[in-house]
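Enquirer: Please read through the structure below; I'll follow up with questions.
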Amino acid sequence: MKQSFSRRTLAKGLIAGVMVPAFGLVAPTLFAQNVALDPGDPTAKALGYVTKSTIPEKTCANCSQYTGAAGGSKGGCTIFPGKDVTAAGYCTAWVKKP
């Protein structure tokens, strides 16, 4: 007995066959939380990262690299992907937020 498939059925199968496995690879990173940046991390050490800035006008919170929410105590940084920095911290890659 011959089975016939419509183009729609074939398209649904292809989409499901590609999208479901791809989502399985991406989904864990959508919900993953960053870990706190260790000041002893080699990159952090090289950039002089500290969790509490000694220069009041230069903190992670007012740096253009900082991706954390305003008013939060920690957040992401484009210099340290996958890591959270303290909003009160500082490193030599600091650039004034426009």
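Identifiers in this document derive from the order of the structure tokens: chains are assigned A, B, ..., residues are numbered from 1 separately in each chain, and ligands are numbered from 1 in order of occurrence.
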Excluding Ala36 of chain A and its own-chain neighbours fewer than 4 positions away, which residues fall within 9 Å of it when counting only C-alpha atoms? Please give them as a list in words.

Expert: Lys74, Gly75, Gly82, Lys83, Asp84, Val85 and Thr86 of chain A

Enquirer: Find the residue from A:Gly40, A:Lys52, A:Arg8, A:Cys60 that sits nearest to Gly72 of chain A; use only C-alpha atoms when measuring.

Expert: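 Among A:Gly40, A:Lys52, A:Arg8, A:Cys60, it is A:Cys60 that comes nearest to Gly72 of chain A.
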
Enquirer: Could you pull the residues within 12 Å of Leu37 of chain A, counting only C-alpha atoms, minus those fewer than 4 positions along the same chain, as a list in words?

Expert: Asp41, Pro42, Thr43, Ala44, Lys45, Tyr49, Val50, Thr51, Lys74, Gly75, Gly76, Cys77, Ile79, Phe80, Pro81, Gly82, Lys83, Asp84, Val85, Thr86, Ala87, Gly89, Tyr90 and Cys91 of chain A

Enquirer: Mind giving me the straight-line distance from atom CA of Asp38 of chain A to atom CA of Pro98 of chain A in Å, one decimal?

Expert: 27.3 Å
